[in-house]
>>> print(open('query-v4.csv').read())   # CSV, C-alpha atoms
chain,number,residue,atom,x,y,z
O,359,MET,CA,84.0,4.5,-1.8
O,360,VAL,CA,80.5,3.8,-3.3
O,361,SER,CA,80.5,3.6,-7.0
O,362,GLN,CA,78.0,5.4,-9.2
O,363,GLU,CA,76.3,2.1,-10.1
O,364,GLN,CA,75.9,1.1,-6.4
O,365,ARG,CA,74.5,4.6,-5.7
O,366,ARG,CA,72.0,4.2,-8.5
O,367,ARG,CA,70.9,0.8,-7.2
O,368,GLN,CA,70.5,2.2,-3.7
O,369,LEU,CA,68.3,5.0,-4.8
O,370,ALA,CA,66.2,2.6,-6.9
O,371,ARG,CA,65.8,0.3,-3.9
O,372,GLU,CA,64.7,3.3,-1.6
O,373,LYS,CA,62.3,4.4,-4.2
O,374,PHE,CA,60.8,0.9,-4.4
O,375,LEU,CA,60.5,0.7,-0.7
O,376,ARG,CA,58.7,4.1,-0.6
O,377,GLN,CA,56.3,2.9,-3.2
O,378,GLN,CA,55.6,-0.3,-1.3
O,379,GLN,CA,55.0,1.7,1.9
O,380,ARG,CA,52.6,4.0,0.1
O,381,ARG,CA,50.7,1.0,-1.4
O,382,THR,CA,50.6,-0.8,2.0
O,383,SER,CA,49.3,2.4,3.6
O,384,ALA,CA,46.7,2.8,0.9
O,385,ARG,CA,45.5,-0.8,1.3
O,386,ARG,CA,45.2,-0.3,5.0
O,387,LYS,CA,43.1,2.8,4.6
O,388,ALA,CA,40.9,1.1,2.1
O,389,ARG,CA,40.3,-1.8,4.5
O,390,VAL,CA,39.4,0.6,7.2
O,391,ARG,CA,37.1,2.5,4.9
O,392,ASN,CA,35.4,-0.6,3.7
O,393,ALA,CA,34.9,-1.9,7.2
O,394,VAL,CA,33.3,1.4,8.2
O,395,ILE,CA,31.0,1.3,5.1
O,396,ALA,CA,30.1,-2.3,5.8
O,397,SER,CA,29.3,-1.5,9.4
O,398,VAL,CA,27.1,1.5,8.4
O,399,LEU,CA,25.3,-0.5,5.8
O,400,GLY,CA,24.8,-3.3,8.3
O,401,VAL,CA,23.2,-0.8,10.7
O,402,ILE,CA,21.0,0.6,7.9
O,403,LEU,CA,19.9,-2.9,6.9
O,404,VAL,CA,19.1,-4.0,10.5
O,405,GLY,CA,17.3,-0.7,11.0
O,406,SER,CA,15.3,-1.1,7.9
O,407,VAL,CA,14.2,-4.6,8.8
O,408,ALA,CA,13.3,-3.5,12.3
O,409,LEU,CA,11.3,-0.5,11.2
O,410,TYR,CA,9.4,-2.5,8.5
O,411,THR,CA,8.6,-5.3,11.0
O,412,THR,CA,7.4,-2.8,13.6
O,413,ASP,CA,5.3,-0.7,11.3
O,414,VAL,CA,3.9,-3.2,8.8
O,415,LEU,CA,0.5,-3.2,10.7
O,416,LYS,CA,0.5,0.5,11.5
O,417,GLY,CA,-0.6,3.6,9.6
O,418,ASP,CA,0.4,4.1,6.0
O,419,ASP,CA,2.1,7.5,6.6
O,420,LYS,CA,4.5,6.3,9.3
O,421,LYS,CA,5.5,3.2,7.3
O,422,GLU,CA,6.2,5.3,4.1
O,423,ASN,CA,8.2,7.8,6.1
O,424,ALA,CA,10.3,5.1,7.7
O,425,SER,CA,11.0,3.5,4.4
O,426,ALA,CA,12.1,6.8,2.9
O,427,GLU,CA,14.4,7.5,5.8
O,428,VAL,CA,16.3,4.2,5.9
O,429,SER,CA,16.4,3.0,2.3
O,430,PRO,CA,19.6,3.9,0.5
O,431,SER,CA,18.3,2.6,-2.9
O,432,ALA,CA,16.3,4.4,-5.5
O,433,PRO,CA,12.6,3.8,-5.6
O,434,PRO,CA,11.4,0.8,-7.6
O,435,SER,CA,10.7,1.3,-11.3
O,436,LYS,CA,7.0,2.0,-11.9
O,437,ALA,CA,5.0,-0.5,-13.9
O,438,PRO,CA,3.1,0.9,-17.0
O,439,ASP,CA,-0.3,2.4,-16.1
O,440,PRO,CA,-2.9,0.2,-17.7
O,441,CYS,CA,-5.7,2.7,-17.1
O,442,GLU,CA,-7.2,5.6,-19.0
O,443,LYS,CA,-7.1,9.3,-18.1
O,444,ALA,CA,-9.7,10.3,-15.5
O,445,ALA,CA,-12.8,12.0,-16.6
O,446,GLU,CA,-13.0,15.8,-16.0
O,447,GLY,CA,-14.5,16.7,-12.7
O,448,LYS,CA,-13.6,17.1,-9.0
O,449,VAL,CA,-14.4,15.4,-5.8
O,450,GLU,CA,-17.3,16.9,-3.9
O,451,LYS,CA,-16.4,17.9,-0.3
O,452,LEU,CA,-19.4,16.3,1.5
O,453,SER,CA,-19.8,15.6,5.2
O,454,PHE,CA,-22.9,14.5,7.1
O,455,LYS,CA,-23.7,14.7,10.8
O,456,LYS,CA,-25.3,11.3,11.2
O,457,GLU,CA,-26.0,8.0,9.5
O,458,PRO,CA,-28.8,8.3,7.0
O,459,ALA,CA,-32.2,6.9,7.8
O,460,LEU,CA,-32.7,3.3,6.7
O,461,THR,CA,-34.8,3.5,3.5
O,462,ILE,CA,-33.6,0.5,1.4
O,463,ASP,CA,-35.6,-2.6,0.8
O,464,LYS,CA,-34.0,-5.3,2.9
O,465,THR,CA,-35.5,-8.0,0.8
O,466,ALA,CA,-33.9,-6.8,-2.5
O,467,SER,CA,-30.5,-6.9,-4.0
O,468,TYR,CA,-28.6,-3.7,-5.0
O,469,THR,CA,-25.8,-3.4,-7.5
O,470,MET,CA,-23.2,-0.7,-7.1
O,471,ASP,CA,-21.3,-0.1,-10.3
O,472,LEU,CA,-17.9,1.6,-10.0
O,473,GLN,CA,-17.1,3.0,-13.4
O,474,THR,CA,-13.4,3.5,-13.1
O,475,THR,CA,-10.6,4.6,-15.4
O,476,CYS,CA,-9.6,1.0,-15.6
O,477,GLY,CA,-13.0,-0.4,-16.4
O,478,SER,CA,-16.4,-1.1,-14.8
O,479,ILE,CA,-16.5,-3.0,-11.5
O,480,PRO,CA,-20.1,-4.1,-10.7
O,481,ILE,CA,-20.7,-5.2,-7.1
O,482,THR,CA,-23.8,-7.1,-5.9
O,483,MET,CA,-24.7,-5.9,-2.4
O,484,ASP,CA,-26.7,-7.9,0.1
O,485,ALA,CA,-29.2,-5.7,1.8
O,486,ALA,CA,-30.6,-8.5,4.0
O,487,LYS,CA,-27.2,-9.3,5.6
O,488,ALA,CA,-25.7,-5.8,5.7
O,489,PRO,CA,-28.6,-3.3,5.6
O,490,HIS,CA,-26.8,-0.4,7.2
O,491,THR,CA,-23.8,-0.7,4.9
O,492,VAL,CA,-25.9,-1.0,1.7
O,493,ASN,CA,-28.2,1.8,2.8
O,494,SER,CA,-25.2,4.0,3.5
O,495,PHE,CA,-23.7,3.4,0.0
O,496,ASN,CA,-27.0,3.9,-1.6
O,497,PHE,CA,-27.2,7.3,0.1
O,498,LEU,CA,-23.6,8.4,-0.5
O,499,VAL,CA,-23.5,7.3,-4.2
O,500,ASN,CA,-26.7,9.1,-4.9
O,501,LYS,CA,-25.1,12.2,-3.5
O,502,GLY,CA,-22.1,11.8,-5.9
O,503,TYR,CA,-19.8,11.1,-2.9
O,504,LEU,CA,-17.6,8.6,-4.7
O,505,ASP,CA,-17.4,10.3,-8.1
O,506,HIS,CA,-13.8,11.3,-9.1
O,507,THR,CA,-12.3,9.7,-6.0
O,508,LYS,CA,-9.1,7.7,-6.2
O,509,CYS,CA,-8.6,4.1,-5.0
O,510,HIS,CA,-5.6,5.0,-2.8
O,511,ARG,CA,-4.1,1.7,-1.6
O,512,LEU,CA,-3.1,-1.6,-3.0
O,513,THR,CA,-1.7,-4.5,-1.0
O,514,THR,CA,0.1,-7.3,-2.7
O,515,GLN,CA,1.7,-9.2,0.2
O,516,GLY,CA,-0.1,-11.0,3.1
O,517,ILE,CA,-3.4,-9.6,2.1
O,518,TYR,CA,-4.5,-8.8,-1.5
O,519,VAL,CA,-6.9,-5.9,-1.7
O,520,LEU,CA,-7.6,-2.6,-3.4
O,521,GLN,CA,-8.9,0.1,-1.0
O,522,CYS,CA,-11.2,2.8,-2.2
O,523,GLY,CA,-13.9,5.2,-0.9
O,524,ASP,CA,-11.8,8.0,0.6
O,525,PRO,CA,-12.5,11.4,-1.0
O,526,GLN,CA,-9.2,12.7,0.4
O,527,GLY,CA,-7.2,9.8,-1.1
O,528,THR,CA,-5.1,9.5,2.0
O,529,GLY,CA,-6.8,6.8,4.0
O,530,MET,CA,-8.0,9.3,6.5
O,531,GLY,CA,-11.3,10.5,4.9
O,532,GLY,CA,-14.9,9.6,5.7
O,533,PRO,CA,-18.5,10.8,5.4
O,534,GLY,CA,-18.7,12.4,8.9
O,535,TYR,CA,-20.6,9.5,10.4
O,536,THR,CA,-20.0,5.8,11.2
O,537,ILE,CA,-22.0,2.7,10.6
O,538,PRO,CA,-22.3,-0.6,12.7
O,539,ASP,CA,-20.3,-3.7,11.9
O,540,GLU,CA,-22.5,-6.3,10.1
O,541,ASN,CA,-22.5,-9.8,8.8
O,542,LEU,CA,-19.3,-10.8,10.6
O,543,LYS,CA,-20.5,-14.4,10.9
O,544,ASP,CA,-20.9,-14.8,7.2
O,545,PRO,CA,-20.1,-18.4,6.3
O,546,ARG,CA,-17.9,-17.2,3.4
O,547,LEU,CA,-15.4,-16.0,6.0
O,548,LYS,CA,-14.6,-19.6,7.2
O,549,GLY,CA,-11.1,-19.9,8.6
O,550,ASP,CA,-10.7,-16.1,8.8
O,551,VAL,CA,-10.3,-15.9,5.0
O,552,TYR,CA,-11.9,-13.2,2.9
O,553,PRO,CA,-12.2,-15.0,-0.5
O,554,ALA,CA,-11.4,-13.4,-3.8
O,555,GLY,CA,-14.3,-11.3,-5.1
O,556,THR,CA,-15.4,-10.1,-1.6
O,557,VAL,CA,-16.1,-6.4,-0.9
O,558,ALA,CA,-15.8,-5.4,2.7
O,559,MET,CA,-15.7,-2.3,4.9
O,560,ALA,CA,-12.4,-0.8,6.2
O,561,ASN,CA,-12.6,0.4,9.8
O,562,GLN,CA,-10.5,1.6,12.8
O,563,PHE,CA,-10.8,-1.6,14.7
O,564,ASP,CA,-7.7,-2.5,16.8
O,565,ALA,CA,-7.6,-6.2,17.6
O,566,GLN,CA,-5.0,-5.7,20.4
O,567,THR,CA,-7.2,-3.3,22.4
O,568,GLY,CA,-10.6,-4.3,21.2
O,569,GLN,CA,-11.4,-0.7,20.4
O,570,GLY,CA,-12.7,0.7,17.2
O,571,LYS,CA,-15.7,-1.5,16.6
O,572,ASN,CA,-18.6,0.0,14.5
O,573,SER,CA,-16.2,2.5,13.0
O,574,GLY,CA,-16.9,2.0,9.3
O,575,GLY,CA,-17.5,5.0,7.2
O,576,SER,CA,-17.1,5.2,3.4
O,577,GLN,CA,-13.8,3.3,2.8
O,578,PHE,CA,-14.0,-0.3,1.5
O,579,PHE,CA,-11.7,-2.9,0.0
O,580,LEU,CA,-12.0,-5.2,-2.9
O,581,VAL,CA,-10.3,-8.6,-2.5
O,582,PHE,CA,-8.6,-9.8,-5.7
O,583,GLN,CA,-7.0,-12.9,-4.1
O,584,ASP,CA,-8.0,-15.0,-1.0
O,585,SER,CA,-6.7,-13.0,2.0
O,586,GLN,CA,-6.1,-14.2,5.6
O,587,LEU,CA,-8.0,-11.6,7.8
O,588,PRO,CA,-9.9,-11.9,11.1
O,589,ALA,CA,-13.6,-11.5,10.7
O,590,ASN,CA,-13.7,-7.8,11.8
O,591,TYR,CA,-14.6,-6.2,8.6
O,592,THR,CA,-18.2,-6.1,7.3
O,593,PRO,CA,-18.5,-8.2,4.1
O,594,PHE,CA,-21.3,-6.6,2.1
O,595,GLY,CA,-20.8,-7.3,-1.6
O,596,THR,CA,-19.5,-9.6,-4.3
O,597,ILE,CA,-17.6,-8.5,-7.4
O,598,SER,CA,-18.8,-9.7,-10.8
O,599,LYS,CA,-16.6,-11.8,-13.1
O,600,ASP,CA,-16.0,-8.9,-15.4
O,601,GLY,CA,-15.2,-6.7,-12.4
O,602,MET,CA,-12.6,-9.2,-11.2
O,603,LYS,CA,-10.8,-9.0,-14.6
O,604,VAL,CA,-10.5,-5.2,-14.1
O,605,LEU,CA,-9.4,-5.7,-10.5
O,606,LYS,CA,-6.7,-8.2,-11.6
O,607,LYS,CA,-5.4,-5.8,-14.2
O,608,ILE,CA,-5.0,-3.2,-11.5
O,609,ALA,CA,-3.3,-5.7,-9.2
O,610,ASP,CA,-0.9,-6.9,-11.9
O,611,ALA,CA,0.4,-3.3,-12.3
O,612,GLY,CA,1.6,-3.5,-8.7
O,613,GLU,CA,2.1,-0.7,-6.1
O,614,ASN,CA,4.6,2.1,-5.9
O,615,THR,CA,6.7,1.2,-2.9
O,616,GLY,CA,7.9,-2.3,-3.9
O,617,MET,CA,7.1,-3.3,-0.3
O,618,GLY,CA,3.7,-4.8,-1.0
O,619,ASP,CA,1.6,-1.9,0.4
O,620,GLY,CA,1.3,1.5,-1.3
O,621,ALA,CA,-0.6,3.5,-3.9
O,622,PRO,CA,-1.4,1.4,-7.0
O,623,ASN,CA,0.7,2.0,-10.1
O,624,ALA,CA,-2.5,2.0,-12.0
O,625,THR,CA,-4.3,5.3,-11.8
O,626,VAL,CA,-7.6,4.0,-10.4
O,627,VAL,CA,-10.2,6.8,-10.3
O,628,ILE,CA,-13.9,6.2,-9.9
O,629,ASN,CA,-15.3,8.5,-12.6
O,630,LYS,CA,-18.8,7.7,-11.6
O,631,ALA,CA,-20.6,5.4,-9.2
O,632,THR,CA,-24.2,4.2,-9.4
O,633,VAL,CA,-26.5,2.1,-7.3
O,634,LYS,CA,-29.5,0.2,-8.7
O,635,LYS,CA,-32.1,-2.0,-7.1
O,636,SER,CA,-32.5,-5.3,-8.7
>>> encode(input="query-v4.csv", output="structure tokens")
Amino acid sequence: MVSQEQRRRQLAREKFLRQQQRRTSARRKARVRNAVIASVLGVILVGSVALYTTDVLKGDDKKENASAEVSPSAPPSKAPDPCEKAAEGKVEKLSFKKEPALTIDKTASYTMDLQTTCGSIPITMDAAKAPHTVNSFNFLVNKGYLDHTKCHRLTTQGIYVLQCGDPQGTGMGGPGYTIPDENLKDPRLKGDVYPAGTVAMANQFDAQTGQGKNSGGSQFFLVFQDSQLPANYTPFGTISKDGMKVLKKIADAGENTGMGDGAPNATVVINKATVKKS
């Protein structure tokens, strides 16, 4: 006959075994769950790297969408905005059917002053080497084309530029006409490097297909650090020392994706642009 004490011990042992079984089962489920999570995260990570590598040289919209789809983390914290509030006014919706007639003095120098929310960026333009480009900006600026427009793109990895000149602020805008490529054999571009302080035209050139030559419009980029780029983009101006200080302030604030290519954290708006012959 089983004594009361023996019965109590047996029940306690059975209870202990049941607890151990539950703990073992819980640990097994946890291992399976963690393995699944690790597998999913691995797929996401690999997908993220693949998408970034594939799209890094393609259009801004596709790359931003890809990053938004695969990144499980919160967006990077935004750096403080070092710039002032934009002046009142709106972007003029201007479009022209053809390139303006060449009216500038090719023997003269012209200075384009971008009076931005972050400070003034004076640019000395070389009419002798890039007459079509300088003439186009002289025409557009005198029409108020750049006034109140945002500089929409900042790159801080690989190449180091601030891109401006798009009234839409999307990278897709233009004046309705295109201008020819110029000055691509400028000695400053030795070794396919656009040196800091250079101002050059953006365009639609595709090096793989060779298509898109002579496709410049109104968008241009300002180089704040030596950048390795093939000589496919018309260099037409040089930023002043004071202008470089402003540009560095914008660059130091970073861009909004954390990936090295996005909208600047600084609110860079060209309140007013002027061109003067000197």
>>> closest_residue(input="query-v4.csv", among="O:Glu540, O:Asp550, O:Glu457, O:Asp524", to="Leu504 of chain O", atoms="only C-alpha atoms")
O:Asp524
>>> closest_residue(input="query-v4.csv", among="O:Thr513, O:Gly568, O:Thr461, O:Tyr503", to="Asn614 of chain O", atoms="all atoms listed in the file")
O:Thr513
>>> residues_around(input="query-v4.csv", residues="Phe594 of chain O", least_positions_apart="3", cutoff="12 Å", atoms="all atoms listed in the file", output="PyMOL selection string")
chain O and resi 467-470+481-495+539-544+546-547+552+555-560+578-580+591+597
>>> write_last_selection(input="query-v4.csv", atoms="C-alpha atoms", output="JSON list (two decimals), in the coordinates of the input")
[["chain", "number", "residue", "atom", "x", "y", "z"],
["O", 467, "SER", "CA", -30.50, -6.90, -4.00],
["O", 468, "TYR", "CA", -28.60, -3.70, -5.00],
["O", 469, "THR", "CA", -25.80, -3.40, -7.50],
["O", 470, "MET", "CA", -23.20, -0.70, -7.10],
["O", 481, "ILE", "CA", -20.70, -5.20, -7.10],
["O", 482, "THR", "CA", -23.80, -7.10, -5.90],
["O", 483, "MET", "CA", -24.70, -5.90, -2.40],
["O", 484, "ASP", "CA", -26.70, -7.90, 0.10],
["O", 485, "ALA", "CA", -29.20, -5.70, 1.80],
["O", 486, "ALA", "CA", -30.60, -8.50, 4.00],
["O", 487, "LYS", "CA", -27.20, -9.30, 5.60],
["O", 488, "ALA", "CA", -25.70, -5.80, 5.70],
["O", 489, "PRO", "CA", -28.60, -3.30, 5.60],
["O", 490, "HIS", "CA", -26.80, -0.40, 7.20],
["O", 491, "THR", "CA", -23.80, -0.70, 4.90],
["O", 492, "VAL", "CA", -25.90, -1.00, 1.70],
["O", 493, "ASN", "CA", -28.20, 1.80, 2.80],
["O", 494, "SER", "CA", -25.20, 4.00, 3.50],
["O", 495, "PHE", "CA", -23.70, 3.40, 0.00],
["O", 539, "ASP", "CA", -20.30, -3.70, 11.90],
["O", 540, "GLU", "CA", -22.50, -6.30, 10.10],
["O", 541, "ASN", "CA", -22.50, -9.80, 8.80],
["O", 542, "LEU", "CA", -19.30, -10.80, 10.60],
["O", 543, "LYS", "CA", -20.50, -14.40, 10.90],
["O", 544, "ASP", "CA", -20.90, -14.80, 7.20],
["O", 546, "ARG", "CA", -17.90, -17.20, 3.40],
["O", 547, "LEU", "CA", -15.40, -16.00, 6.00],
["O", 552, "TYR", "CA", -11.90, -13.20, 2.90],
["O", 555, "GLY", "CA", -14.30, -11.30, -5.10],
["O", 556, "THR", "CA", -15.40, -10.10, -1.60],
["O", 557, "VAL", "CA", -16.10, -6.40, -0.90],
["O", 558, "ALA", "CA", -15.80, -5.40, 2.70],
["O", 559, "MET", "CA", -15.70, -2.30, 4.90],
["O", 560, "ALA", "CA", -12.40, -0.80, 6.20],
["O", 578, "PHE", "CA", -14.00, -0.30, 1.50],
["O", 579, "PHE", "CA", -11.70, -2.90, 0.00],
["O", 580, "LEU", "CA", -12.00, -5.20, -2.90],
["O", 591, "TYR", "CA", -14.60, -6.20, 8.60],
["O", 597, "ILE", "CA", -17.60, -8.50, -7.40]]
>>> closest_residue(input="query-v4.csv", among="O:Asn561, O:Gln473, O:Gln526, O:Gln569", to="Asp505 of chain O", atoms="only C-alpha atoms")
O:Gln473
>>> atom_distance(input="query-v4.csv", atom1="atom CA of Ala611 of chain O", atom2="atom CA of Lys630 of chain O")
22.1 Å
>>> closest_residue(input="query-v4.csv", among="O:Gly527, O:Pro553, O:Pro440, O:Gly534", to="Leu587 of chain O", atoms="only C-alpha atoms")
O:Pro553
>>> closest_residue(input="query-v4.csv", among="O:Gly601, O:Ile608, O:Lys501, O:Tyr535", to="Thr625 of chain O", atoms="only C-alpha atoms")
O:Ile608
>>> residues_around(input="query-v4.csv", residues="Thr514 of chain O", least_positions_apart="2", cutoff="7 Å", atoms="all atoms listed in the file", output="ChimeraX atom specification")
/O:512,516-518,618-619
>>> closest_residue(input="query-v4.csv", among="O:Met617, O:Leu472, O:Cys522, O:Val604", to="Lys508 of chain O", atoms="all atoms listed in the file")
O:Cys522
>>> atom_distance(input="query-v4.csv", atom1="atom CA of Thr592 of chain O", atom2="atom CA of Ala554 of chain O")
14.9 Å
>>> atom_distance(input="query-v4.csv", atom1="atom CA of Gly595 of chain O", atom2="atom CA of Lys455 of chain O")
25.4 Å
>>> residues_near_point(input="query-v4.csv", point="(-13.7, 4.9, -15.3)", cutoff="7 Å", atoms="all atoms listed in the file", output="PyMOL selection string")
chain O and resi 444+473-478+627-630
>>> build_atoms(input="query-v4.csv", residues="segment 609-624 of chain O", atoms="N, CA, C and O atoms", output="PDB file, in the coordinates of the input")
ATOM      1  N   ALA O 609      -4.249  -4.996 -10.066  1.00  0.00           N
ATOM      2  CA  ALA O 609      -3.300  -5.700  -9.200  1.00  0.00           C
ATOM      3  C   ALA O 609      -2.017  -6.044  -9.877  1.00  0.00           C
ATOM      4  O   ALA O 609      -0.920  -5.921  -9.312  1.00  0.00           O
ATOM      5  N   ASP O 610      -2.129  -6.487 -11.127  1.00  0.00           N
ATOM      6  CA  ASP O 610      -0.900  -6.900 -11.900  1.00  0.00           C
ATOM      7  C   ASP O 610       0.022  -5.743 -12.123  1.00  0.00           C
ATOM      8  O   ASP O 610       1.231  -5.956 -12.287  1.00  0.00           O
ATOM      9  N   ALA O 611      -0.495  -4.519 -12.140  1.00  0.00           N
ATOM     10  CA  ALA O 611       0.400  -3.300 -12.300  1.00  0.00           C
ATOM     11  C   ALA O 611       1.189  -3.035 -11.085  1.00  0.00           C
ATOM     12  O   ALA O 611       2.158  -2.274 -11.143  1.00  0.00           O
ATOM     13  N   GLY O 612       0.813  -3.619  -9.936  1.00  0.00           N
ATOM     14  CA  GLY O 612       1.600  -3.500  -8.700  1.00  0.00           C
ATOM     15  C   GLY O 612       1.361  -2.145  -7.994  1.00  0.00           C
ATOM     16  O   GLY O 612       0.507  -1.336  -8.371  1.00  0.00           O
ATOM     17  N   GLU O 613       2.152  -1.972  -6.929  1.00  0.00           N
ATOM     18  CA  GLU O 613       2.100  -0.700  -6.100  1.00  0.00           C
ATOM     19  C   GLU O 613       3.401  -0.035  -6.103  1.00  0.00           C
ATOM     20  O   GLU O 613       4.414  -0.607  -6.485  1.00  0.00           O
ATOM     21  N   ASN O 614       3.415   1.208  -5.649  1.00  0.00           N
ATOM     22  CA  ASN O 614       4.600   2.100  -5.900  1.00  0.00           C
ATOM     23  C   ASN O 614       5.699   2.035  -4.922  1.00  0.00           C
ATOM     24  O   ASN O 614       6.692   2.733  -5.095  1.00  0.00           O
ATOM     25  N   THR O 615       5.604   1.212  -3.866  1.00  0.00           N
ATOM     26  CA  THR O 615       6.700   1.200  -2.900  1.00  0.00           C
ATOM     27  C   THR O 615       7.636  -0.016  -3.115  1.00  0.00           C
ATOM     28  O   THR O 615       8.767   0.006  -2.644  1.00  0.00           O
ATOM     29  N   GLY O 616       7.150  -1.057  -3.754  1.00  0.00           N
ATOM     30  CA  GLY O 616       7.900  -2.300  -3.900  1.00  0.00           C
ATOM     31  C   GLY O 616       7.911  -3.110  -2.602  1.00  0.00           C
ATOM     32  O   GLY O 616       8.536  -4.153  -2.527  1.00  0.00           O
ATOM     33  N   MET O 617       7.189  -2.651  -1.579  1.00  0.00           N
ATOM     34  CA  MET O 617       7.100  -3.300  -0.300  1.00  0.00           C
ATOM     35  C   MET O 617       5.823  -4.111  -0.123  1.00  0.00           C
ATOM     36  O   MET O 617       5.591  -4.739   0.901  1.00  0.00           O
ATOM     37  N   GLY O 618       4.929  -4.041  -1.112  1.00  0.00           N
ATOM     38  CA  GLY O 618       3.700  -4.800  -1.000  1.00  0.00           C
ATOM     39  C   GLY O 618       2.522  -4.019  -0.455  1.00  0.00           C
ATOM     40  O   GLY O 618       1.437  -4.575  -0.279  1.00  0.00           O
ATOM     41  N   ASP O 619       2.694  -2.726  -0.183  1.00  0.00           N
ATOM     42  CA  ASP O 619       1.600  -1.900   0.400  1.00  0.00           C
ATOM     43  C   ASP O 619       1.854  -0.458   0.070  1.00  0.00           C
ATOM     44  O   ASP O 619       2.729   0.185   0.647  1.00  0.00           O
ATOM     45  N   GLY O 620       1.084   0.058  -0.866  1.00  0.00           N
ATOM     46  CA  GLY O 620       1.300   1.500  -1.300  1.00  0.00           C
ATOM     47  C   GLY O 620       0.174   1.880  -2.217  1.00  0.00           C
ATOM     48  O   GLY O 620      -0.852   1.209  -2.361  1.00  0.00           O
ATOM     49  N   ALA O 621       0.398   2.988  -2.881  1.00  0.00           N
ATOM     50  CA  ALA O 621      -0.600   3.500  -3.900  1.00  0.00           C
ATOM     51  C   ALA O 621      -0.422   2.577  -5.129  1.00  0.00           C
ATOM     52  O   ALA O 621       0.678   2.168  -5.495  1.00  0.00           O
ATOM     53  N   PRO O 622      -1.537   2.250  -5.784  1.00  0.00           N
ATOM     54  CA  PRO O 622      -1.400   1.400  -7.000  1.00  0.00           C
ATOM     55  C   PRO O 622      -0.709   2.163  -8.110  1.00  0.00           C
ATOM     56  O   PRO O 622      -0.853   3.385  -8.257  1.00  0.00           O
ATOM     57  N   ASN O 623       0.078   1.429  -8.892  1.00  0.00           N
ATOM     58  CA  ASN O 623       0.700   2.000 -10.100  1.00  0.00           C
ATOM     59  C   ASN O 623      -0.340   2.430 -11.104  1.00  0.00           C
ATOM     60  O   ASN O 623      -0.156   3.396 -11.840  1.00  0.00           O
ATOM     61  N   ALA O 624      -1.414   1.665 -11.155  1.00  0.00           N
ATOM     62  CA  ALA O 624      -2.500   2.000 -12.000  1.00  0.00           C
ATOM     63  C   ALA O 624      -3.246   3.233 -11.442  1.00  0.00           C
ATOM     64  O   ALA O 624      -3.447   3.319 -10.231  1.00  0.00           O
TER      65      ALA O 624
END
